[in-house]
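Asks: Sharing a structure with you now.
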Amino acid sequence: MLARSIASAFLVAVLVAAEASALAQQAGAETVAAAVPEFTPRADQGAEQRDEFRTLDQNVQDLKKQVLDLNRDLFLLEEELLFPANTQVAVFISMDVGEFFGLDSVELKIDNKDVTNYLYTEREADALLKGGVQRLFVGNFKAGEHELVAVFTGAGPHTRDYRRAASLVFEKGIGPRYIELTISDRETKQQPEFIVKEWE
């Protein structure tokens, strides 16, 4: 949070400085015009001024890009500090569903503790149907055996309310652990299928 606050403050400072610089240049130009009202600048002088303004604008744009890159790097650093690779467990969700299930929400428990409860908008559910993969949860867990339980709620066959759970017992060792929740159609039973699996 501290890193993100620093980056946000720095971005605001840069934008204010850029605006102040532009206003100062505009005020300077107006002062010169007022002091010498009958002076008509040569064409080459106007071209020089335009080049200077163009250079200044390019410098401001470059500075903004550098600030955005810094903000991104600080965000990644913050995430690495909060979720070290050795203790990290990340849970993803994907869908391959046609007729038998419409996702409304997912409740996730690890070691019998609620870790997230995500309610989907229609747009988010459509993105999953089109092949998207969402990172549903990331957290820190000590080495050893853990149990994950995912509860899926939505519209099942014939638009009936549907609630189904799937679970996985996994071993957390050294290094990050990645788990995927997959929702797919089971054509033979005309029912949705919910699978929890570890990424190799």
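For the structure tokens, the naming scheme is as follows: chains receive sequential letters (A, B, ...) according to their order of presentation, residues are indexed from 1 within each chain, and ligands are indexed from 1 in presentation order.
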So that I can see what lies close to region 124-140 of chain A, please list as a ChimeraX atom specification the residues with an atom at most 10 Å from it, counting only C-alpha atoms and leaving out residues fewer than 4 positions away in the same chain.
Replies: /A:79,82-98,102-108,115-120,176-184
Asks: Region 107-159 of chain A: which residues are alpha helix (DSSP H) by DSSP, as a list of chain:residue names?
Replies: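 Selecting the alpha helix (DSSP H) positions of region 107-159 of chain A gives A:Glu122, A:Arg123, A:Glu124, A:Ala125, A:Asp126, A:Ala127, A:Leu128, A:Leu129.
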Asks: CA of Asn71 (chain A) and CA of Thr55 (chain A), how far apart in Å?
Replies: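 Here the two named atoms are 24.4 Å from each other.
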Asks: How many Å separate CA of Phe141 (chain A) from CA of Asp114 (chain A)?
Replies: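 Distance reported for this atom pair: 13.9 Å.
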Asks: Please indicate the distance in Å from CA of Gly156 (chain A) to CA of Glu122 (chain A), rounded to one decimal place.
Replies: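 Separation of CA of Gly156 (chain A) and CA of Glu122 (chain A): 15.5 Å.
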